[in-house]
Structures are given as structure tokens and as C-alpha cells.
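Before any comments, here is the structure.
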Amino acid sequence: PYTMGCVGKKYTILQNQDAFNFLTDVVKDGELEVVNAGCVDHGKRAYICAKTEPFKVLDDDIDPYIVFMNSFDGYGSVKVMFTPVRVFCSNCEVIATKKAKRAINVKHSKKVVENLYVGGQVLFDNTKYLEVYKEEMEDLARMRVSRQKFAENIVVALLKHMGLLDELGEPKERKRDPNVVLRYRDELLDCWGKADLANYGNTAYAAFQAVADWETHYSPLKNKNNGEIYFQRAVGGMVLTNFVLNYMKGLGLTKTAY
């Protein structure tokens, strides 16, 4: 048999039917539309992806998704994650914010089913998250970031954060894929220059969107189960995109011109 993980005495197995059962009434009422379901990581995690009513941020069409995930490896809890997706290029735009929850986590225990949020609470939290998300994006659209600053400052900071550049901004020696830094730089600048961002050129919003587009689509250093990797990036919170968002905040880009 295949071992999925090690668990403690208090760990309680939660079957998918029980984990996702509370969705039934919400789907029947038409408040959620289930669009996808499956397993990742050799069955260690099962998920259901549902869609709510689309809305607009600035001139961009956004499809809000709610991902419900159950795990069997002893490391993950039952999770409900809110994931806005920009329709034009299908890139996730997850933001980590203190103003609203991006995810609901429930530990595996004897009371796990009791502790799961009912559908109405999930939808309420999703609505609150989307309101905060829209507010942040509109703030970013008012802040100036030039292409030069994006290339020389933000991209460099991101590649340092990924461990690909040293403190002086020089590429670290790599035996595998030695040209990865140049490739990633070109990809990020290509995302910055895409036609769909023309209306937001030279803004922090364009920088955020460029990185979100890139993180959703760039190839991992090891090409293995890429589809699962892209999915995990989204439900994992778009770590690199949020790094750039916080980096711009740290520079004052969300408060003053840059």
C-alpha cells in the first residue's frame, strides 16, 4: 500500500464526502457552480473548485473561485481558499491581507465536521475578501512604477528572494539550467509589456499583474508534474506575487509616487 504520511493519535480521517458535504445546499441554491474536482500529489489532497459571480476590478474581468481542499497526509488541514482569477490571461491574483481572510483552515480532529464553516459563512468571507482585494488593486493603479524601476529594482529583488542572485545582484553559479536568470528576467519583462496591461502602464498595478501572470505560468526548475505545481502555487497563496506586493509597500509605492 502507498503511505501518504504519518499522523498522531488525535488525527481523525475525514472522508471527502463528509468534508465537502456542506457544499450541497449552496450549489443547489445556485450560489456556487462547481467547475472542477480532483486529486493532487498522488492522492494526498482532494479538492473541489467552485465559481461565484464574476465582477470587475478597474477594467479587468475577474472570476472569483473558491477552492475546497481536504488532505490525507497529516500535514494539511481542511482548507477553504478564495482565489480571484483575471480572465484575460487566466492568472491568479491572490493577495495576503490582514483586512480579510484569504483562507479558512480547520484541523483534523473529532470535531472537524462540526468546525467546518457552513456555506453561508464561506460566501460571506469570500465577499469580504473580494472587497478588500478590489480596494488594494485600485490603490495599486494609482501608484507609479516605471518599466526601468520594474526591471532594475523589483525583478532583481524577486530573483534574490528566489535565491538566484547574490547580494550584489549577480547570478549564482548553477550547474542545472545556468541561463535561468536571463530567462526569468525576459519572461517577467515580457509579461510587463503585454497588451492587456497597456491601460495600466507604469503603475504598481501593472507590476503586480506582470508578476502574477508570470508566477502562474513560468516553468519550474524541475519539469515534473507541472500542472500540479501551477495549481499548488495558486492555492498556496501565490508566494512570489505577494512578496512583490509587500516589497512595493515597503518601498512606499502604495503611498507615494516612485
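Naming scheme: A, B, ... for chains in displayed order of the C-alpha cells; residues 1 onward per chain; ligands 1 onward as shown.
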Could you go through region 51-221 of chain A and tell me which residues DSSP, when run on the backbone, assigns to alpha helix (DSSP H), listing them as an MDAnalysis selection string? chainID A and resid 112:115 119:141 147:149 155:161 180:192 204:217
Where does region 156-185 of chain A meet region 200-216 of chain A within 12 Å, residue by residue, with the nearest atom pair and distance in Å to one decimal for each, counting only C-alpha atoms, listed by chain and rising number, as JSON lines?
{"residue": "A:Leu158", "atom": "CA", "partner": "A:Val211", "partner_atom": "CA", "distance": 9.3}
{"residue": "A:Leu159", "atom": "CA", "partner": "A:Val211", "partner_atom": "CA", "distance": 11.6}
{"residue": "A:Met162", "atom": "CA", "partner": "A:Glu215", "partner_atom": "CA", "distance": 11.9}
{"residue": "A:Arg183", "atom": "CA", "partner": "A:Trp214", "partner_atom": "CA", "distance": 11.6}
{"residue": "A:Tyr184", "atom": "CA", "partner": "A:Trp214", "partner_atom": "CA", "distance": 8.8}
{"residue": "A:Arg185", "atom": "CA", "partner": "A:Trp214", "partner_atom": "CA", "distance": 10.3}
Selected residue, from A:Leu168, A:Asn91, A:Met238, A:Arg147, that lies nearest to Gly193 (chain A) when counting only C-alpha atoms: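 Checking each candidate against Gly193 (chain A), we get A:Arg147 as the closest.
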From the list A:Gly169, A:Asp177, A:His161, A:Ala151, which residue is nearest Asp190 (chain A) when using only C-alpha atoms?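 Looking only at the distances to Asp190 (chain A), the closest residue turns out to be A:Ala151.
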Could you tell me how far CA of Arg176 (chain A) sits from CA of Val235 (chain A), in Å to one decimal place?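 Separating CA of Val235 (chain A) from CA of Arg176 (chain A) is a distance of 27.7 Å.
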Shell of 10 Å around Met137 (chain A), only C-alpha atoms, local chain residues under 2 positions omitted, as a ChimeraX atom specification: /A:57-58,93,95,132-135,139-142,204-206,208-209
Residue contacts of region 64-70 of chain A (7 Å, only C-alpha atoms) excluding same-chain residues fewer than 2 positions away, as a PyMOL selection string: chain A and resi 16+19+45-54+62+77-85
From a DSSP calculation on the backbone, collect every residue of region 6-238 of chain A in strand (DSSP E) and output the set as a PyMOL selection string. chain A and resi 33-40+45-51+55-57+60-71+78-86+91-92+103-106
